[in-house]
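Just below is one structure, and these are the notes that go with it.
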Amino acid sequence: MSTTESPSHFNNLETLSTRELLAGINSVDQTVPQVVAQALPQIEALVEATVERMQRGGRLFYIGAGTSGRLGILDASECPPTFGVPQGLVIGIIAGGDTAIRKAVENAEDDPQQAWRDLTAHDINENDMLVGIAASGRTPYVIGGMAIARRHGIATGCIVCNAGSTVAALADFPVEVVTGPEFVTGSTRMKAGTAQKLVLNMLTTATMIRLGKVKGNKMVDMQLSNLKLVDRGEKMIMEELGIEQAEAAELLKQHGSVRAAIEAHKR
């Protein structure tokens, strides 16, 4: 039995008080960062390989089902506003299509051929990186997509939460974060999902920093899509250039991004 499906270390949950339930969930959640830390060498290898491909024009793809698929889509969707990269540089695909983002699609994860059909709709090629996300490490949708991608010379990575899985065996750059039994037996949206989210944060954040999308510790290429981000951008410019808010606001309005505003002023 996979450890993500192993019985919870807690029992008779229905008899516990709300405080006892919350304390139990919190206690197992605290183990997740420790497990992720043990996988840092694997995550490093995946980041380096992703950076290399993106530097030569490649993209990063995620495939997954259920929670895993939703997490991939979330990470992909946040890259353009955070780092100012184009839509389509990081692409998240979920079994069952967009409907499955909000509602479970019956049997969507069981078709081993569908992921490749979904990937070819985006013209995936050997310059790209494909990362399969599967807590169990045995999702047919992910296994099929990765197996076919490898036959087409496409590099593969994965984020799984069991050791020795089929998905990891298909990955050139596997990341195994073995989170163990869930608080509610088999509910991998909990610890396993948290671990996957942490790894995804690391993967794209480290990759984008390596690609020059952060200066100092600031998101200088972020999209100015709301008033909060415009205010943040003005403060970045004020701090970097030592100027007042009104001048920073004018520079930002004129040049459209923090990076462009700073570079234009320095010229």
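Ordered as shown in the structure tokens, chains take letters A, B, and onward, while each chain numbers its residues from 1 and ligands are numbered from 1 in the order shown.
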Non-local contacts of Ile43 in chain A (12 Å; only C-alpha atoms; under 3 positions in same chain excluded) as a PDB file with C-alpha atoms, in the first residue's frame:
```
ATOM      1  CA  VAL A  36      10.330  18.977   1.370  1.00  0.00           C
ATOM      2  CA  ALA A  37      13.749  19.918   2.784  1.00  0.00           C
ATOM      3  CA  GLN A  38      14.924  16.339   2.278  1.00  0.00           C
ATOM      4  CA  ALA A  39      14.026  16.643  -1.416  1.00  0.00           C
ATOM      5  CA  LEU A  40      16.024  19.841  -2.042  1.00  0.00           C
ATOM      6  CA  LEU A  46      14.583  19.980 -11.747  1.00  0.00           C
ATOM      7  CA  VAL A  47      15.038  23.750 -11.494  1.00  0.00           C
ATOM      8  CA  GLU A  48      18.383  23.663 -13.291  1.00  0.00           C
ATOM      9  CA  ALA A  49      16.958  21.557 -16.106  1.00  0.00           C
ATOM     10  CA  THR A  50      13.931  23.846 -16.426  1.00  0.00           C
ATOM     11  CA  VAL A 131       6.285  17.865 -14.975  1.00  0.00           C
ATOM     12  CA  GLY A 157      10.045  15.782 -14.095  1.00  0.00           C
ATOM     13  CA  CYS A 158       7.516  14.930 -11.438  1.00  0.00           C
ATOM     14  CA  ILE A 159       6.233  15.799  -7.986  1.00  0.00           C
ATOM     15  CA  VAL A 160       4.978  12.709  -6.160  1.00  0.00           C
ATOM     16  CA  ASP A 172      14.277  12.342 -15.771  1.00  0.00           C
ATOM     17  CA  PHE A 173      14.112  14.709 -12.797  1.00  0.00           C
ATOM     18  CA  PRO A 174      11.892  13.132 -10.126  1.00  0.00           C
ATOM     19  CA  VAL A 175      10.934  14.964  -6.934  1.00  0.00           C
ATOM     20  CA  GLU A 176       9.659  12.616  -4.238  1.00  0.00           C
ATOM     21  CA  VAL A 177       8.221  14.238  -1.118  1.00  0.00           C
ATOM     22  CA  GLN A 196       3.182  19.777  -3.843  1.00  0.00           C
ATOM     23  CA  LEU A 198       5.579  24.153  -1.653  1.00  0.00           C
ATOM     24  CA  VAL A 199       7.599  22.400  -4.372  1.00  0.00           C
ATOM     25  CA  LEU A 200       5.756  24.252  -7.137  1.00  0.00           C
ATOM     26  CA  ASN A 201       6.460  27.564  -5.376  1.00  0.00           C
ATOM     27  CA  MET A 202      10.142  26.673  -5.275  1.00  0.00           C
ATOM     28  CA  LEU A 203      10.289  25.451  -8.862  1.00  0.00           C
ATOM     29  CA  THR A 204       8.846  28.512 -10.580  1.00  0.00           C
ATOM     30  CA  THR A 205      10.182  31.113  -8.149  1.00  0.00           C
ATOM     31  CA  ALA A 206      13.750  29.823  -8.334  1.00  0.00           C
ATOM     32  CA  THR A 207      13.475  29.398 -12.106  1.00  0.00           C
TER      33      THR A 207
END
```
Strand (DSSP E) residues, from DSSP on the backbone, in range 22-246 of chain A, as a list in words: Leu60, Phe61, Tyr62, Ile63, Gly64, Val90, Ile91, Gly92, Ile93, Ile94, Met129, Leu130, Val131, Gly132, Ile133, Ala134, Ala155, Thr156, Gly157, Cys158, Ile159, Val160, Phe173, Pro174, Val175 and Glu176 of chain A
Deliver the residues from the most recent selection as a file, using N, CA and C atoms, as an mmCIF file, in the first residue's frame.
```
data_model
loop_
_atom_site.group_PDB
_atom_site.id
_atom_site.type_symbol
_atom_site.label_atom_id
_atom_site.label_comp_id
_atom_site.auth_asym_id
_atom_site.auth_seq_id
_atom_site.Cartn_x
_atom_site.Cartn_y
_atom_site.Cartn_z
ATOM 1 N N LEU A 60 7.414 25.329 -19.699
ATOM 2 C CA LEU A 60 7.196 24.388 -18.606
ATOM 3 C C LEU A 60 5.737 23.969 -18.616
ATOM 4 N N PHE A 61 5.504 22.658 -18.698
ATOM 5 C CA PHE A 61 4.152 22.104 -18.676
ATOM 6 C C PHE A 61 3.928 21.322 -17.386
ATOM 7 N N TYR A 62 2.713 21.426 -16.855
ATOM 8 C CA TYR A 62 2.278 20.573 -15.756
ATOM 9 C C TYR A 62 1.097 19.735 -16.228
ATOM 10 N N ILE A 63 1.059 18.465 -15.842
ATOM 11 C CA ILE A 63 -0.133 17.653 -16.028
ATOM 12 C C ILE A 63 -0.469 16.992 -14.696
ATOM 13 N N GLY A 64 -1.758 16.898 -14.411
ATOM 14 C CA GLY A 64 -2.195 16.271 -13.172
ATOM 15 C C GLY A 64 -3.695 16.098 -13.170
ATOM 16 N N VAL A 90 4.401 29.010 -18.901
ATOM 17 C CA VAL A 90 4.117 27.928 -17.953
ATOM 18 C C VAL A 90 2.656 27.543 -18.155
ATOM 19 N N ILE A 91 2.410 26.267 -18.443
ATOM 20 C CA ILE A 91 1.075 25.806 -18.823
ATOM 21 C C ILE A 91 0.644 24.668 -17.908
ATOM 22 N N GLY A 92 -0.481 24.838 -17.251
ATOM 23 C CA GLY A 92 -1.043 23.790 -16.411
ATOM 24 C C GLY A 92 -2.214 23.115 -17.109
ATOM 25 N N ILE A 93 -2.208 21.786 -17.123
ATOM 26 C CA ILE A 93 -3.270 21.013 -17.773
ATOM 27 C C ILE A 93 -3.821 20.009 -16.764
ATOM 28 N N ILE A 94 -5.147 19.954 -16.662
ATOM 29 C CA ILE A 94 -5.795 19.054 -15.716
ATOM 30 C C ILE A 94 -6.630 18.020 -16.454
ATOM 31 N N MET A 129 9.835 21.330 -20.954
ATOM 32 C CA MET A 129 9.921 20.467 -19.775
ATOM 33 C C MET A 129 8.509 20.090 -19.361
ATOM 34 N N LEU A 130 8.266 18.813 -19.146
ATOM 35 C CA LEU A 130 6.968 18.317 -18.690
ATOM 36 C C LEU A 130 7.096 17.783 -17.271
ATOM 37 N N VAL A 131 6.281 18.310 -16.377
ATOM 38 C CA VAL A 131 6.285 17.865 -14.975
ATOM 39 C C VAL A 131 4.934 17.234 -14.653
ATOM 40 N N GLY A 132 4.961 15.963 -14.301
ATOM 41 C CA GLY A 132 3.750 15.269 -13.870
ATOM 42 C C GLY A 132 3.569 15.439 -12.371
ATOM 43 N N ILE A 133 2.371 15.833 -11.972
ATOM 44 C CA ILE A 133 2.068 16.032 -10.555
ATOM 45 C C ILE A 133 1.050 14.976 -10.148
ATOM 46 N N ALA A 134 1.422 14.122 -9.207
ATOM 47 C CA ALA A 134 0.533 13.034 -8.786
ATOM 48 C C ALA A 134 0.922 12.606 -7.381
ATOM 49 N N ALA A 155 11.951 16.148 -22.071
ATOM 50 C CA ALA A 155 12.416 15.950 -20.708
ATOM 51 C C ALA A 155 11.234 15.946 -19.744
ATOM 52 N N THR A 156 11.322 15.099 -18.724
ATOM 53 C CA THR A 156 10.227 14.948 -17.779
ATOM 54 C C THR A 156 10.706 15.101 -16.344
ATOM 55 N N GLY A 157 9.854 15.722 -15.539
ATOM 56 C CA GLY A 157 10.045 15.782 -14.095
ATOM 57 C C GLY A 157 8.750 15.350 -13.445
ATOM 58 N N CYS A 158 8.760 15.269 -12.127
ATOM 59 C CA CYS A 158 7.516 14.930 -11.438
ATOM 60 C C CYS A 158 7.564 15.435 -10.008
ATOM 61 N N ILE A 159 6.380 15.538 -9.414
ATOM 62 C CA ILE A 159 6.233 15.799 -7.986
ATOM 63 C C ILE A 159 5.266 14.752 -7.463
ATOM 64 N N VAL A 160 5.790 13.799 -6.698
ATOM 65 C CA VAL A 160 4.978 12.709 -6.160
ATOM 66 C C VAL A 160 5.196 12.612 -4.652
ATOM 67 N N PHE A 173 13.808 13.884 -13.972
ATOM 68 C CA PHE A 173 14.112 14.709 -12.797
ATOM 69 C C PHE A 173 12.984 14.541 -11.773
ATOM 70 N N PRO A 174 12.980 13.391 -11.074
ATOM 71 C CA PRO A 174 11.892 13.132 -10.126
ATOM 72 C C PRO A 174 12.069 13.921 -8.824
ATOM 73 N N VAL A 175 10.964 14.368 -8.272
ATOM 74 C CA VAL A 175 10.934 14.964 -6.934
ATOM 75 C C VAL A 175 9.956 14.137 -6.112
ATOM 76 N N GLU A 176 10.474 13.464 -5.102
ATOM 77 C CA GLU A 176 9.659 12.616 -4.238
ATOM 78 C C GLU A 176 9.601 13.226 -2.836
#
```
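The two atoms in question, CA of Leu170 in chain A and CA of Arg150 in chain A, are spaced 7.8 Å apart.
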Range 45-174 of chain A: residues DSSP assigns to alpha helix (DSSP H), reported as a ChimeraX atom specification: /A:45-55,66-83,99-102,114-120,140-151,166-169
Polymer residues at most 8 Å from Asn162 in chain A, only C-alpha atoms, same-chain spacing of 6 or more positions, as JSON, numbers by chain: {"A": [2, 3, 4, 135, 136, 137, 176, 177, 178, 179, 180]}
Nearest to Ser165 in chain A by atom-to-atom distance, counting only C-alpha atoms, from A:Ile143, A:Val85, A:Met190, A:Val184: A:Ile143
Polymer residues at most 8 Å from Gly66 in chain A, only C-alpha atoms, same-chain spacing of 3 or more positions, as number ranges by chain: A: 69-70, 94-95, 100-101, 104
Give me the range 65-122 of chain A side of the contact with range 216-239 of chain A, cut-off 12 Å, one line per residue showing its nearest atom pair and distance in Å at one decimal, counting only C-alpha atoms, sorted by chain and residue number, as a Markdown table.
```
| residue | atom | partner | partner_atom | distance |
| --- | --- | --- | --- | --- |
| A:Glu78 | CA | A:Met222 | CA | 10.3 |
| A:Cys79 | CA | A:Met222 | CA | 9.0 |
| A:Pro80 | CA | A:Gln223 | CA | 7.3 |
| A:Pro81 | CA | A:Gln223 | CA | 4.7 |
| A:Thr82 | CA | A:Met222 | CA | 4.7 |
| A:Phe83 | CA | A:Met222 | CA | 4.9 |
| A:Gly84 | CA | A:Asp221 | CA | 4.8 |
| A:Val85 | CA | A:Asp221 | CA | 8.0 |
| A:Pro86 | CA | A:Gln223 | CA | 10.5 |
| A:Gln87 | CA | A:Gln223 | CA | 11.8 |
```
Those residues you just picked out, can you put them in a file as an mmCIF file, in the first residue's frame with C-alpha atoms?
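selection03.cif, freshly written:
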```
data_model
loop_
_atom_site.group_PDB
_atom_site.id
_atom_site.type_symbol
_atom_site.label_atom_id
_atom_site.label_comp_id
_atom_site.auth_asym_id
_atom_site.auth_seq_id
_atom_site.Cartn_x
_atom_site.Cartn_y
_atom_site.Cartn_z
ATOM 1 C CA GLU A 78 0.359 33.096 -11.220
ATOM 2 C CA CYS A 79 3.585 33.310 -13.222
ATOM 3 C CA PRO A 80 2.527 36.034 -15.714
ATOM 4 C CA PRO A 81 1.254 38.536 -13.112
ATOM 5 C CA THR A 82 4.087 37.836 -10.669
ATOM 6 C CA PHE A 83 7.033 37.769 -13.064
ATOM 7 C CA GLY A 84 5.725 39.526 -16.187
ATOM 8 C CA VAL A 85 6.299 36.486 -18.393
ATOM 9 C CA PRO A 86 3.966 35.790 -21.320
ATOM 10 C CA GLN A 87 0.905 33.599 -21.022
#
```
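In this comparison, which uses only C-alpha atoms, the residue of A:Leu13, A:Ala149, A:Cys161, A:Asp98 approaching Thr120 in chain A most closely is A:Ala149.
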Distance in Å - CA of Leu119 in chain A versus CA of Ile148 in chain A: 10.3 Å
Shell around Phe10 in chain A at 12 Å using only C-alpha atoms, local window under 4 positions removed, as a VMD selection string: chain A and resid 6 14 to 16 20 to 21 23 to 25 27 to 28 181 to 185
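Distance annotation: of A:Thr139, A:Asp128, A:Glu44, A:Arg259, the residue with the minimal separation from Val214 in chain A is A:Arg259; atom set is only C-alpha atoms.
The nearest approach to His122 in chain A among the residues A:Arg138, A:Leu89, A:Ile209, A:Ala108, with only C-alpha atoms taken into account, belongs to A:Leu89.
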Among the residues A:Gly153, A:Pro112, A:Pro33, A:Pro41, the one that comes closest to Tyr141 in chain A [using only C-alpha atoms]: A:Pro112
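Between Ala171 in chain A and the residues A:Gln42, A:Val32, A:Ala195, A:Ala121, the shortest atom-to-atom distance, using only C-alpha atoms, involves A:Gln42.
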